file my_file38.txt (compact mmCIF, C-alpha atoms)
# COMPACT_ATOMS: atom_id res chain seq x y z
CA MET A 1 96.70 228.01 62.18
CA ARG A 2 99.68 226.77 64.20
CA LYS A 3 97.45 224.90 66.64
CA SER A 4 98.03 221.20 66.47
CA TRP A 5 94.56 219.76 67.18
CA TRP A 6 93.50 219.81 63.53
CA LYS A 7 96.69 218.09 62.46
CA VAL A 8 95.99 215.30 64.94
CA LEU A 9 92.41 215.17 63.65
CA CYS A 10 93.73 214.99 60.09
CA LEU A 11 95.98 212.05 60.94
CA LEU A 12 93.20 210.24 62.80
CA LEU A 13 90.75 210.75 59.93
CA LEU A 14 93.27 209.53 57.38
CA PHE A 15 94.17 206.47 59.48
CA TYR A 16 90.45 205.76 59.74
CA THR A 17 90.08 206.21 55.98
CA CYS A 18 92.99 203.99 55.09
CA ILE A 19 91.98 201.21 57.50
CA MET A 20 88.20 201.34 57.17
CA GLY A 21 88.44 202.14 53.47
CA PHE A 22 89.81 198.65 52.93
CA LEU A 23 87.86 196.85 55.68
CA VAL A 24 84.35 198.27 55.54
CA LYS A 25 81.75 195.94 54.10
CA ILE A 26 80.62 197.14 50.71
CA PRO A 27 77.54 196.00 48.85
CA VAL A 28 78.54 193.91 45.82
CA LEU A 29 76.01 194.95 43.20
CA ASP A 30 77.36 193.23 40.12
CA GLY A 31 80.35 191.21 39.06
CA ARG A 32 82.05 194.18 37.47
CA LEU A 33 82.53 196.87 40.08
CA GLN A 34 83.42 194.52 42.95
CA GLN A 35 85.96 195.87 45.45
CA SER A 36 87.22 198.61 43.14
CA ILE A 37 84.46 200.87 44.50
CA ARG A 38 86.83 201.49 47.42
CA ASN A 39 88.57 203.97 45.12
CA LEU A 40 85.72 206.29 46.12
CA TYR A 41 87.56 207.06 49.39
CA PHE A 42 90.71 208.09 47.56
CA HIS A 43 89.77 209.39 44.12
CA VAL A 44 86.72 211.53 44.86
CA PRO A 45 88.17 213.41 47.89
CA MET A 46 91.06 214.56 45.66
CA TRP A 47 88.61 216.65 43.62
CA PHE A 48 86.99 218.05 46.76
CA CYS A 49 90.46 219.08 47.92
CA MET A 50 91.42 220.57 44.57
CA GLN A 51 88.30 222.71 44.38
CA ILE A 52 88.62 223.89 47.99
CA LEU A 53 92.32 224.73 47.60
CA PHE A 54 91.76 226.62 44.32
CA SER A 55 88.91 228.52 45.97
CA ILE A 56 91.13 229.54 48.88
CA SER A 57 93.81 230.53 46.39
CA VAL A 58 91.44 232.84 44.52
CA VAL A 59 90.31 234.43 47.78
CA TYR A 60 93.94 235.30 48.53
CA SER A 61 94.37 236.64 45.00
CA ILE A 62 91.43 238.99 45.59
CA LEU A 63 92.94 240.03 48.93
CA ARG A 64 96.27 240.59 47.16
CA LEU A 65 94.66 243.04 44.72
CA ARG A 66 92.81 244.84 47.49
CA SER A 67 95.62 245.13 50.00
CA GLN A 68 98.79 245.06 47.87
CA LYS A 69 100.44 242.85 50.50
CA GLN A 70 103.12 240.52 49.11
CA MET A 71 102.20 237.97 51.79
CA HIS A 72 98.86 237.23 50.14
CA ASP A 73 100.59 236.34 46.90
CA ILE A 74 102.56 233.60 48.67
CA TYR A 75 99.32 232.26 50.12
CA ALA A 76 97.59 232.30 46.72
CA VAL A 77 100.41 230.58 44.89
CA GLU A 78 100.98 227.87 47.49
CA PHE A 79 97.28 227.01 47.75
CA ALA A 80 97.14 226.81 43.95
CA ARG A 81 100.25 224.62 43.89
CA THR A 82 98.84 222.18 46.45
CA GLY A 83 95.51 222.16 44.61
CA LEU A 84 97.31 221.29 41.40
CA ILE A 85 99.04 218.35 43.11
CA PHE A 86 95.69 217.05 44.33
CA GLY A 87 94.30 217.50 40.82
CA PHE A 88 97.09 215.37 39.37
CA LEU A 89 96.52 212.74 42.08
CA GLY A 90 92.80 212.76 41.27
CA ILE A 91 93.37 212.29 37.56
CA THR A 92 95.90 209.49 38.17
CA THR A 93 93.75 207.57 40.64
CA GLY A 94 90.83 207.98 38.24
CA ALA A 95 92.83 206.76 35.27
CA ILE A 96 94.11 203.66 37.09
CA TRP A 97 90.56 202.80 38.15
CA ALA A 98 89.12 203.51 34.71
CA ASN A 99 91.72 201.25 33.12
CA TYR A 100 90.06 198.28 34.84
CA GLN A 101 86.46 199.44 34.86
CA TRP A 102 85.99 201.30 31.58
CA GLY A 103 88.63 199.40 29.65
CA GLU A 104 90.96 202.35 29.04
CA PRO A 105 92.59 204.99 31.22
CA TRP A 106 91.18 207.87 29.17
CA SER A 107 87.82 207.64 27.49
CA GLY A 108 87.14 211.30 26.75
CA ASP A 109 84.37 211.48 29.33
CA ALA A 110 82.99 214.99 29.96
CA LYS A 111 84.29 215.04 33.53
CA GLN A 112 87.71 213.75 32.56
CA ASN A 113 87.95 216.55 30.01
CA GLY A 114 86.83 219.11 32.59
CA ALA A 115 89.52 217.91 34.99
CA ALA A 116 92.18 218.09 32.28
CA ILE A 117 91.10 221.66 31.42
CA ALA A 118 91.38 222.65 35.07
CA LEU A 119 94.90 221.24 35.29
CA LEU A 120 95.97 222.98 32.06
CA ILE A 121 94.60 226.32 33.27
CA TYR A 122 96.51 226.15 36.53
CA CYS A 123 99.69 224.97 34.80
CA ALA A 124 99.35 228.10 32.65
CA TYR A 125 99.11 230.12 35.88
CA PHE A 126 102.57 228.90 36.88
CA ILE A 127 103.99 229.51 33.41
CA LEU A 128 102.60 233.06 33.50
CA ARG A 129 104.29 233.58 36.86
CA GLY A 130 107.53 232.28 35.47
CA SER A 131 107.60 234.88 32.72
CA PHE A 132 108.06 237.82 35.11
CA GLN A 133 111.30 238.99 36.71
CA ASP A 134 109.76 241.68 38.89
CA THR A 135 108.00 240.20 41.94
CA GLU A 136 105.58 243.12 42.39
CA LYS A 137 104.38 242.90 38.81
CA ARG A 138 104.30 239.10 38.91
CA SER A 139 102.06 238.95 41.94
CA THR A 140 99.57 241.54 40.65
CA ILE A 141 99.21 240.11 37.18
CA SER A 142 99.09 236.50 38.25
CA ALA A 143 96.40 237.45 40.78
CA VAL A 144 94.36 238.99 37.96
CA TYR A 145 94.77 235.85 35.85
CA ASN A 146 93.90 233.62 38.80
CA ILE A 147 90.61 235.45 39.39
CA PHE A 148 89.73 235.51 35.69
CA ALA A 149 90.57 231.83 35.22
CA PHE A 150 88.67 230.78 38.33
CA ALA A 151 85.58 232.70 37.26
CA MET A 152 85.73 231.14 33.79
CA LEU A 153 86.54 227.62 34.92
CA PHE A 154 84.30 226.85 37.85
CA PRO A 155 80.88 227.64 36.40
CA THR A 156 81.76 225.49 33.40
CA LEU A 157 82.94 222.68 35.65
CA TRP A 158 79.55 222.70 37.29
CA ILE A 159 77.38 223.47 34.26
CA LEU A 160 78.86 221.59 31.29
CA PRO A 161 78.85 218.10 32.87
CA ARG A 162 75.13 218.46 33.49
CA MET A 163 74.55 218.86 29.78
CA THR A 164 76.15 215.67 28.55
CA GLU A 165 75.95 211.99 29.25
CA SER A 166 78.83 210.72 31.32
CA LEU A 167 80.37 207.46 32.41
CA HIS A 168 80.79 208.81 35.91
CA PRO A 169 78.14 208.05 38.50
CA GLY A 170 75.36 210.59 38.52
CA GLY A 171 75.88 211.33 34.84
CA GLN A 172 72.35 211.22 33.49
CA GLY A 173 72.36 214.41 31.45
CA SER A 174 70.49 217.30 33.07
CA GLU A 175 69.55 215.14 36.05
CA GLY A 176 73.19 214.41 36.78
CA ASN A 177 75.38 215.85 39.44
CA PRO A 178 78.78 217.09 38.30
CA ALA A 179 80.70 215.06 40.87
CA LEU A 180 79.00 211.95 42.14
CA ASN A 181 75.68 210.35 42.94
CA GLY A 182 75.41 210.71 46.69
CA LYS A 183 71.93 209.31 46.96
CA ASP A 184 72.69 205.67 46.31
CA LEU A 185 75.71 205.42 48.55
CA ALA A 186 75.34 202.66 51.12
CA PRO A 187 75.18 204.01 54.73
CA ALA A 188 78.31 202.08 55.73
CA MET A 189 80.20 203.60 52.84
CA ARG A 190 78.92 207.06 53.62
CA ALA A 191 80.34 206.70 57.13
CA VAL A 192 83.79 206.33 55.60
CA PHE A 193 83.38 208.67 52.65
CA TRP A 194 82.72 211.96 54.47
CA PRO A 195 85.48 211.47 57.08
CA ALA A 196 87.77 210.67 54.15
CA VAL A 197 86.82 213.93 52.41
CA PHE A 198 87.54 215.99 55.53
CA GLY A 199 90.72 214.09 56.27
CA TRP A 200 92.15 214.71 52.82
CA MET A 201 91.06 218.35 52.93
CA LEU A 202 92.87 218.88 56.21
CA LEU A 203 95.94 217.21 54.71
CA GLY A 204 95.76 219.65 51.78
CA LEU A 205 95.57 222.61 54.13
CA TRP A 206 98.44 221.22 56.16
CA ILE A 207 100.71 220.82 53.13
CA ALA A 208 99.81 224.30 51.91
CA THR A 209 100.47 225.97 55.28
CA LEU A 210 103.82 224.19 55.58
CA ARG A 211 104.83 225.42 52.14
CA ILE A 212 103.64 228.94 52.98
CA ARG A 213 105.78 228.96 56.13
CA LEU A 214 108.75 227.71 54.16
CA GLN A 215 108.32 230.40 51.48
CA THR A 216 107.90 233.15 54.08
CA LEU A 217 111.09 232.05 55.82
CA LYS A 218 112.93 231.96 52.50
CA GLU A 219 111.75 235.48 51.72
CA LYS A 220 112.85 236.74 55.14
CA TYR A 221 116.20 235.03 54.72
CA ALA A 222 116.66 236.67 51.30
CA VAL A 223 115.97 240.11 52.83
CA PHE A 224 118.26 239.36 55.76
CA GLN A 225 121.14 238.58 53.42
CA MET B 226 78.31 258.83 32.75
CA ALA B 227 77.92 261.09 29.74
CA SER B 228 81.61 261.91 29.72
CA SER B 229 82.63 258.26 29.93
CA PHE B 230 80.29 257.49 27.03
CA LYS B 231 82.00 260.23 25.06
CA ASN B 232 85.43 258.87 26.01
CA ILE B 233 84.49 255.41 24.85
CA THR B 234 83.16 256.58 21.50
CA THR B 235 86.23 258.74 20.93
CA LEU B 236 88.59 255.87 21.74
CA LEU B 237 86.56 253.53 19.57
CA LYS B 238 86.66 256.02 16.70
CA LYS B 239 90.42 256.32 17.16
CA ASP B 240 90.85 252.54 16.95
CA ILE B 241 88.70 252.23 13.85
CA LEU B 242 90.51 255.13 12.21
CA LEU B 243 93.88 253.62 13.06
CA GLU B 244 92.81 250.30 11.60
CA TRP B 245 91.59 252.08 8.47
CA ARG B 246 94.76 254.09 8.00
CA GLN B 247 97.12 251.17 8.61
CA GLN B 248 95.30 248.94 6.23
CA TYR B 249 98.05 246.38 6.06
CA THR B 250 97.12 244.94 9.49
CA LEU B 251 93.47 244.60 8.52
CA TYR B 252 94.39 242.99 5.21
CA GLY B 253 96.87 240.84 7.07
CA ILE B 254 94.13 239.32 9.21
CA LEU B 255 91.85 238.93 6.19
CA LEU B 256 94.59 237.11 4.33
CA TYR B 257 95.18 234.96 7.40
CA VAL B 258 91.49 233.98 7.43
CA ALA B 259 91.47 233.22 3.72
CA SER B 260 94.67 231.19 3.68
CA THR B 261 93.77 229.19 6.80
CA ILE B 262 90.44 228.19 5.31
CA PHE B 263 92.13 227.43 2.00
CA ILE B 264 94.53 225.04 3.78
CA VAL B 265 91.57 223.40 5.49
CA TYR B 266 89.85 223.06 2.11
CA LEU B 267 92.95 221.55 0.49
CA SER B 268 93.35 218.97 3.23
CA MET B 269 89.69 218.15 3.81
CA GLY B 270 87.78 218.89 0.60
CA GLN B 271 84.07 219.29 1.31
CA PRO B 272 83.46 217.48 4.61
CA GLU B 273 80.18 216.42 6.18
CA ALA B 274 78.25 218.68 8.56
CA THR B 275 79.81 217.70 11.92
CA VAL B 276 83.35 217.99 10.57
CA TRP B 277 82.43 221.29 8.89
CA ASN B 278 81.20 222.60 12.23
CA GLY B 279 84.28 221.45 14.12
CA LEU B 280 86.66 222.93 11.56
CA PHE B 281 84.74 226.20 11.52
CA TRP B 282 85.18 226.74 15.26
CA VAL B 283 88.84 225.76 15.26
CA VAL B 284 89.50 228.26 12.46
CA GLN B 285 87.58 230.91 14.42
CA LEU B 286 89.78 230.24 17.43
CA PHE B 287 93.01 230.71 15.49
CA VAL B 288 91.75 233.80 13.68
CA CYS B 289 90.72 235.29 17.00
CA VAL B 290 94.07 234.65 18.70
CA ASN B 291 95.91 236.28 15.83
CA ALA B 292 93.58 239.22 15.45
CA MET B 293 93.55 240.05 19.17
CA ALA B 294 97.24 239.45 19.90
CA LYS B 295 98.33 242.88 18.76
CA SER B 296 95.56 244.88 20.41
CA PHE B 297 97.66 246.14 23.32
CA LEU B 298 101.01 246.21 21.59
CA GLN B 299 100.44 248.93 19.01
CA GLU B 300 100.77 251.75 21.45
CA SER B 301 103.88 252.84 23.24
CA ARG B 302 104.13 253.10 27.01
CA GLY B 303 103.95 256.87 26.93
CA ARG B 304 100.79 256.96 24.90
CA MET B 305 99.16 254.35 27.18
CA LEU B 306 99.93 256.63 30.10
CA TYR B 307 98.31 259.48 28.20
CA TYR B 308 95.11 257.51 27.63
CA TYR B 309 95.15 256.47 31.26
CA THR B 310 95.18 260.05 32.49
CA VAL B 311 92.73 261.34 29.88
CA SER B 312 90.11 258.60 29.93
CA GLY B 313 90.73 256.14 32.78
CA ALA B 314 91.17 252.40 32.64
CA THR B 315 87.51 251.39 32.53
CA ASP B 316 86.65 253.49 29.48
CA TYR B 317 89.79 252.29 27.77
CA ILE B 318 89.06 248.57 28.22
CA ILE B 319 85.41 249.02 27.20
CA SER B 320 86.45 250.71 23.98
CA LYS B 321 89.00 247.97 23.30
CA LEU B 322 86.44 245.24 23.95
CA LEU B 323 83.93 246.95 21.66
CA PHE B 324 86.46 247.43 18.91
CA ASN B 325 87.72 243.86 19.04
CA ALA B 326 84.18 242.49 19.17
CA LEU B 327 83.38 244.52 16.06
CA LEU B 328 86.55 243.34 14.31
CA MET B 329 85.84 239.72 15.20
CA ALA B 330 82.21 239.97 14.05
CA VAL B 331 83.44 241.17 10.64
CA MET B 332 86.04 238.40 10.52
CA THR B 333 83.39 235.84 11.42
CA LEU B 334 81.19 236.97 8.56
CA VAL B 335 84.15 236.85 6.18
CA SER B 336 85.11 233.37 7.27
CA ILE B 337 81.51 232.12 6.95
CA LEU B 338 81.54 233.46 3.38
CA ILE B 339 84.82 231.72 2.52
CA PHE B 340 83.68 228.51 4.22
CA LEU B 341 80.53 228.52 2.10
CA LEU B 342 82.53 229.19 -1.05
CA LEU B 343 85.15 226.50 -0.51
CA LEU B 344 83.76 223.88 1.86
CA GLY B 345 80.15 223.82 0.68
CA ASN B 346 76.99 224.63 2.58
CA PRO B 347 75.61 222.01 4.98
CA VAL B 348 73.80 224.64 7.12
CA TYR B 349 70.04 224.17 7.40
CA TYR B 350 68.97 227.18 9.49
CA PHE B 351 71.13 229.93 8.11
CA GLY B 352 69.85 232.85 10.21
CA GLN B 353 70.42 231.00 13.45
CA PHE B 354 73.87 229.94 12.31
CA ILE B 355 74.91 233.55 11.66
CA LEU B 356 73.54 234.58 15.05
CA ILE B 357 75.48 231.83 16.84
CA SER B 358 78.67 232.55 14.91
CA ILE B 359 78.59 236.24 15.69
CA LEU B 360 77.78 235.63 19.36
CA GLY B 361 80.54 233.02 19.48
CA GLY B 362 83.05 235.22 17.69
CA VAL B 363 82.30 238.11 20.02
CA GLY B 364 82.66 235.81 23.04
CA LEU B 365 86.04 234.57 21.82
CA SER B 366 87.19 238.13 21.12
CA LEU B 367 86.24 239.26 24.64
CA VAL B 368 88.25 236.49 26.31
CA PHE B 369 91.28 236.98 24.09
CA THR B 370 91.20 240.77 24.42
CA PHE B 371 91.51 240.42 28.16
CA LEU B 372 94.23 237.80 27.85
CA ALA B 373 96.09 240.03 25.40
CA ALA B 374 96.02 242.72 28.08
CA ILE B 375 97.60 240.27 30.54
CA ALA B 376 100.11 238.97 27.99
CA ALA B 377 101.13 242.51 27.02
CA LYS B 378 102.53 242.88 30.54
CA ALA B 379 104.71 239.78 30.25
CA GLN B 380 107.51 238.78 27.94
CA GLN B 381 106.97 236.27 25.11
CA GLN B 382 103.43 237.55 24.52
CA ALA B 383 102.28 235.45 21.57
CA ALA B 384 103.12 232.12 23.17
CA LEU B 385 101.54 233.13 26.48
CA MET B 386 98.25 234.05 24.77
CA ALA B 387 97.90 230.51 23.47
CA ILE B 388 99.05 228.87 26.71
CA MET B 389 96.62 230.86 28.84
CA GLY B 390 93.81 231.09 26.33
CA PHE B 391 93.35 227.62 24.89
CA PRO B 392 92.43 225.82 28.12
CA LEU B 393 90.23 228.73 29.17
CA ILE B 394 88.37 228.78 25.90
CA ILE B 395 87.69 225.02 25.59
CA PRO B 396 84.43 225.06 27.59
CA GLN B 397 83.10 227.97 25.52
CA LEU B 398 84.12 226.26 22.26
CA LEU B 399 82.44 223.03 23.38
CA LEU B 400 79.26 224.94 24.16
CA LEU B 401 79.39 226.74 20.81
CA GLY B 402 79.99 223.54 18.87
CA LYS B 403 77.11 221.91 20.69
CA ILE B 404 74.68 224.73 19.95
CA ALA B 405 75.84 225.11 16.37
CA ARG B 406 75.39 221.41 15.67
CA GLN B 407 71.65 221.91 15.88
CA VAL B 408 71.41 224.22 12.87
CA PHE B 409 72.69 221.51 10.53
CA GLU B 410 69.59 219.35 10.92
CA PRO B 411 66.00 220.11 10.03
CA ILE B 412 64.77 219.04 13.47
CA VAL B 413 64.63 221.88 15.97
CA GLN B 414 65.74 220.67 19.35
CA ALA B 415 64.39 221.97 22.64
CA GLY B 416 66.55 224.25 24.71
CA PHE B 417 68.12 226.06 21.74
CA TRP B 418 67.26 229.58 22.95
CA GLN B 419 68.16 228.61 26.50
CA MET B 420 71.67 227.80 25.34
CA ILE B 421 71.85 231.08 23.41
CA LEU B 422 70.91 232.82 26.66
CA LEU B 423 73.67 230.91 28.45
CA LEU B 424 76.11 232.13 25.81
CA ILE B 425 75.01 235.75 26.26
CA LEU B 426 75.31 235.42 30.05
CA LEU B 427 78.83 234.04 29.64
CA ASP B 428 79.76 237.04 27.47
CA CYS B 429 78.30 239.44 30.04
CA MET B 430 80.30 237.75 32.78
CA ILE B 431 83.52 238.17 30.81
CA ILE B 432 82.79 241.87 30.24
CA VAL B 433 82.12 242.45 33.93
CA LEU B 434 85.29 240.59 34.93
CA ALA B 435 87.34 242.56 32.41
CA ILE B 436 85.99 245.88 33.69
CA ILE B 437 86.68 244.95 37.31
CA LEU B 438 90.13 243.46 36.77
CA PHE B 439 91.63 245.66 34.05
CA PRO B 440 92.41 248.69 36.28
CA PHE B 441 94.74 246.44 38.33
CA LEU B 442 96.65 245.44 35.21
CA TRP B 443 97.14 249.06 34.31
CA LYS B 444 98.39 250.38 37.59
CA ASP B 445 102.12 249.96 37.26

call {"tool": "encode", "arguments": {"input": "my_file38.txt", "output": "structure tokens"}}
result
Amino acid sequence: MRKSWWKVLCLLLLFYTCIMGFLVKIPVLDGRLQQSIRNLYFHVPMWFCMQILFSISVVYSILRLRSQKQMHDIYAVEFARTGLIFGFLGITTGAIWANYQWGEPWSGDAKQNGAAIALLIYCAYFILRGSFQDTEKRSTISAVYNIFAFAMLFPTLWILPRMTESLHPGGQGSEGNPALNGKDLAPAMRAVFWPAVFGWMLLGLWIATLRIRLQTLKEKYAVFQ
Amino acid sequence: MASSFKNITTLLKKDILLEWRQQYTLYGILLYVASTIFIVYLSMGQPEATVWNGLFWVVQLFVCVNAMAKSFLQESRGRMLYYYTVSGATDYIISKLLFNALLMAVMTLVSILIFLLLLGNPVYYFGQFILISILGGVGLSLVFTFLAAIAAKAQQQAALMAIMGFPLIIPQLLLLGKIARQVFEPIVQAGFWQMILLLILLDCMIIVLAIILFPFLWKD
């Protein structure tokens, strides 16, 4: 993962997102949404990133239980930490947008609640980790909690929003998609949206790998002393 | 297979016997149920159906947290080690899950009774309501049993149970509240049994997860 081509790609994609995200011609459908639809390039990819990073984290937790290697615990915790940051960014960008579009930052929408639950669960993961002194025990038990929480959280994130009406796009009860309504995205917007998603994802991976390298060095330094 | 079945029944019998002998813990939970509902009654009187439903599930949640919190703390380290060598982790967790599910089912019935006595009876389809409550209570007990096993390994157990458990349980509580809302009206809505099936599937998933993950908790 030390190769630099994907970091260059990440930067290029994010430059493209930040420039084209503000320049690309968007269809103005009504007087209400206007230019604020551009939040799509920044708010929605945060959730893609969060889900991907939490998924990677749970994979490393499973590996940790299977192999008993301390290294995998560092991977799991740093991917979860980065995912949590993206989750907070997603909820903030959503709340700022909703303040103008829905009239209030928090309207108790099914998907807002789901996002808040996800953040609470992963905050609890870090509190659980904090309550152990012994690193061996901490990594095993937090891996168990991570797997359990993931398996409880993600099906509900994908199932529950389909059962209720939502203010989010694509929220027509059982017909709705938990995240967004991809079908009625204008082609010009789609050409920015997917590069944006991959750009932000690569940034998430980049941050996580940097933190992992830092933690590994710290651990080595602690042993060395 | 036969031996593990025997192990589970023996462990289950031991738990029930222990509960029966140390009656103060059982009465403690019963008193907790009664006094919680009494407080709800004093502050709310006899509310309308939706409020009744919401209060019922919140009370169930608190009863469950308190009833399950002690399930891995009763026994000393040495005795846990003894069970581990005699029966193995899988049999042990299955017996614990069964026992706690049984305990919670009883508590659910008790709290329905007290709710009816104090807060009135807005339920229209009573049979369905009991079915949902017991399924819901068992589901809550399964989640909190597993979390109690995790919390037993850490310090400050009681606080951790709530911190870990409340966010995890919200989706299940939402689902339960949604299903239960239907029994308060004479109109039967479509998809009722589908949601019951979803609930049962969720419970099965928790059991499977607990069986797979518990041995790792026990290793040290």

call {"tool": "interface_residues", "arguments": {"input": "my_file38.txt", "of": "chain A", "to": "chain B", "cutoff": "8 Å", "atoms": "only C-alpha atoms", "output": "JSON list (two decimals) with C-alpha atoms, in the frame of the given file"}}
result
[["chain", "number", "residue", "atom", "x", "y", "z"],
["A", 65, "LEU", "CA", 94.66, 243.04, 44.72],
["A", 117, "ILE", "CA", 91.10, 221.66, 31.42],
["A", 118, "ALA", "CA", 91.38, 222.65, 35.07],
["A", 120, "LEU", "CA", 95.97, 222.98, 32.06],
["A", 121, "ILE", "CA", 94.60, 226.32, 33.27],
["A", 124, "ALA", "CA", 99.35, 228.10, 32.65],
["A", 125, "TYR", "CA", 99.11, 230.12, 35.88],
["A", 128, "LEU", "CA", 102.60, 233.06, 33.50],
["A", 131, "SER", "CA", 107.60, 234.88, 32.72],
["A", 132, "PHE", "CA", 108.06, 237.82, 35.11],
["A", 137, "LYS", "CA", 104.38, 242.90, 38.81],
["A", 140, "THR", "CA", 99.57, 241.54, 40.65],
["A", 141, "ILE", "CA", 99.21, 240.11, 37.18],
["A", 144, "VAL", "CA", 94.36, 238.99, 37.96],
["A", 145, "TYR", "CA", 94.77, 235.85, 35.85],
["A", 148, "PHE", "CA", 89.73, 235.51, 35.69],
["A", 149, "ALA", "CA", 90.57, 231.83, 35.22],
["A", 152, "MET", "CA", 85.73, 231.14, 33.79],
["A", 153, "LEU", "CA", 86.54, 227.62, 34.92],
["A", 156, "THR", "CA", 81.76, 225.49, 33.40],
["A", 160, "LEU", "CA", 78.86, 221.59, 31.29]]

call {"tool": "closest_residue", "arguments": {"input": "my_file38.txt", "among": "A:Ala80, A:Leu29, A:Ala110, A:Ala116", "to": "Thr209 in chain A", "atoms": "all atoms listed in the file"}}
result
A:Ala80

call {"tool": "atom_distance", "arguments": {"input": "my_file38.txt", "atom1": "CA of Gly199 in chain A", "atom2": "CA of Leu14 in chain A"}}
result
5.3 Å

call {"tool": "atom_distance", "arguments": {"input": "my_file38.txt", "atom1": "CA of Lys238 in chain B", "atom2": "CA of Leu426 in chain B"}}
result
27.0 Å

call {"tool": "atom_distance", "arguments": {"input": "my_file38.txt", "atom1": "CA of Leu236 in chain B", "atom2": "CA of Gly303 in chain B"}}
result
16.2 Å

call {"tool": "axis_aligned_box", "arguments": {"input": "my_file38.txt", "around": "range 243-258 of chain B", "padding_each_side": "4 Å", "output": "JSON"}}
result
{"center_x": 94.8, "center_y": 244.0, "center_z": 8.7, "size_x": 14.6, "size_y": 28.1, "size_z": 16.7}

call {"tool": "residues_around", "arguments": {"input": "my_file38.txt", "residues": "Ile74 in chain A", "least_positions_apart": "5", "cutoff": "9 Å", "atoms": "all atoms listed in the file", "output": "PyMOL selection string"}}
result
chain A and resi 60+79+139+212+215-216

call {"tool": "closest_residue", "arguments": {"input": "my_file38.txt", "among": "A:Ser142, A:Asn99, A:Gln51, A:Ser67", "to": "Ala115 in chain A", "atoms": "all atoms listed in the file"}}
result
A:Gln51

call {"tool": "closest_residue", "arguments": {"input": "my_file38.txt", "among": "B:Phe230, B:Phe281, B:Phe354, B:Tyr309", "to": "Phe340 in chain B", "atoms": "all atoms listed in the file"}}
result
B:Phe281

call {"tool": "residues_around", "arguments": {"input": "my_file38.txt", "residues": "Ala143 in chain A", "least_positions_apart": "3", "cutoff": "8 Å", "atoms": "only C-alpha atoms", "output": "VMD selection string"}}
result
chain A and resid 58 61 to 62 64 to 65 73 76 139 to 140 146 to 147

call {"tool": "residues_around", "arguments": {"input": "my_file38.txt", "residues": "Ile436 in chain B", "least_positions_apart": "4", "cutoff": "9 Å", "atoms": "only C-alpha atoms", "output": "MDAnalysis selection string"}}
result
chainID B and resid 314:316 318:319 431:432 440

call {"tool": "residues_around", "arguments": {"input": "my_file38.txt", "residues": "Ala98 in chain A", "least_positions_apart": "4", "cutoff": "10 Å", "atoms": "all atoms listed in the file", "output": "JSON, numbers by chain"}}
result
{"A": [36, 92, 93, 94, 102, 103, 104, 105, 106, 107, 167, 168]}

call {"tool": "build_atoms", "arguments": {"input": "my_file38.txt", "residues": "range 264-275 of chain B", "atoms": "N, CA and C atoms", "output": "PDB file, in the coordinates of the input"}}
result
ATOM      1  N   ILE B 264      93.767 226.237   3.366  1.00  0.00           N
ATOM      2  CA  ILE B 264      94.530 225.040   3.780  1.00  0.00           C
ATOM      3  C   ILE B 264      93.569 223.949   4.237  1.00  0.00           C
ATOM      4  N   VAL B 265      92.555 224.367   5.022  1.00  0.00           N
ATOM      5  CA  VAL B 265      91.570 223.400   5.490  1.00  0.00           C
ATOM      6  C   VAL B 265      90.867 222.752   4.297  1.00  0.00           C
ATOM      7  N   TYR B 266      90.536 223.571   3.309  1.00  0.00           N
ATOM      8  CA  TYR B 266      89.850 223.060   2.110  1.00  0.00           C
ATOM      9  C   TYR B 266      90.739 222.070   1.365  1.00  0.00           C
ATOM     10  N   LEU B 267      92.030 222.433   1.227  1.00  0.00           N
ATOM     11  CA  LEU B 267      92.950 221.550   0.490  1.00  0.00           C
ATOM     12  C   LEU B 267      93.120 220.217   1.193  1.00  0.00           C
ATOM     13  N   SER B 268      93.106 220.239   2.533  1.00  0.00           N
ATOM     14  CA  SER B 268      93.350 218.970   3.230  1.00  0.00           C
ATOM     15  C   SER B 268      92.074 218.187   3.470  1.00  0.00           C
ATOM     16  N   MET B 269      90.920 218.860   3.474  1.00  0.00           N
ATOM     17  CA  MET B 269      89.690 218.150   3.810  1.00  0.00           C
ATOM     18  C   MET B 269      88.690 218.044   2.659  1.00  0.00           C
ATOM     19  N   GLY B 270      88.802 218.883   1.633  1.00  0.00           N
ATOM     20  CA  GLY B 270      87.780 218.890   0.600  1.00  0.00           C
ATOM     21  C   GLY B 270      86.482 219.467   1.128  1.00  0.00           C
ATOM     22  N   GLN B 271      85.355 218.816   0.788  1.00  0.00           N
ATOM     23  CA  GLN B 271      84.070 219.290   1.310  1.00  0.00           C
ATOM     24  C   GLN B 271      83.541 218.276   2.310  1.00  0.00           C
ATOM     25  N   PRO B 272      83.808 218.503   3.617  1.00  0.00           N
ATOM     26  CA  PRO B 272      83.460 217.480   4.610  1.00  0.00           C
ATOM     27  C   PRO B 272      81.974 217.489   4.962  1.00  0.00           C
ATOM     28  N   GLU B 273      81.577 216.484   5.738  1.00  0.00           N
ATOM     29  CA  GLU B 273      80.180 216.420   6.180  1.00  0.00           C
ATOM     30  C   GLU B 273      79.932 217.435   7.309  1.00  0.00           C
ATOM     31  N   ALA B 274      78.665 217.556   7.708  1.00  0.00           N
ATOM     32  CA  ALA B 274      78.250 218.680   8.560  1.00  0.00           C
ATOM     33  C   ALA B 274      79.010 218.762   9.889  1.00  0.00           C
ATOM     34  N   THR B 275      79.173 217.614  10.587  1.00  0.00           N
ATOM     35  CA  THR B 275      79.810 217.700  11.920  1.00  0.00           C
ATOM     36  C   THR B 275      81.267 218.130  11.807  1.00  0.00           C
TER      37      THR B 275
END
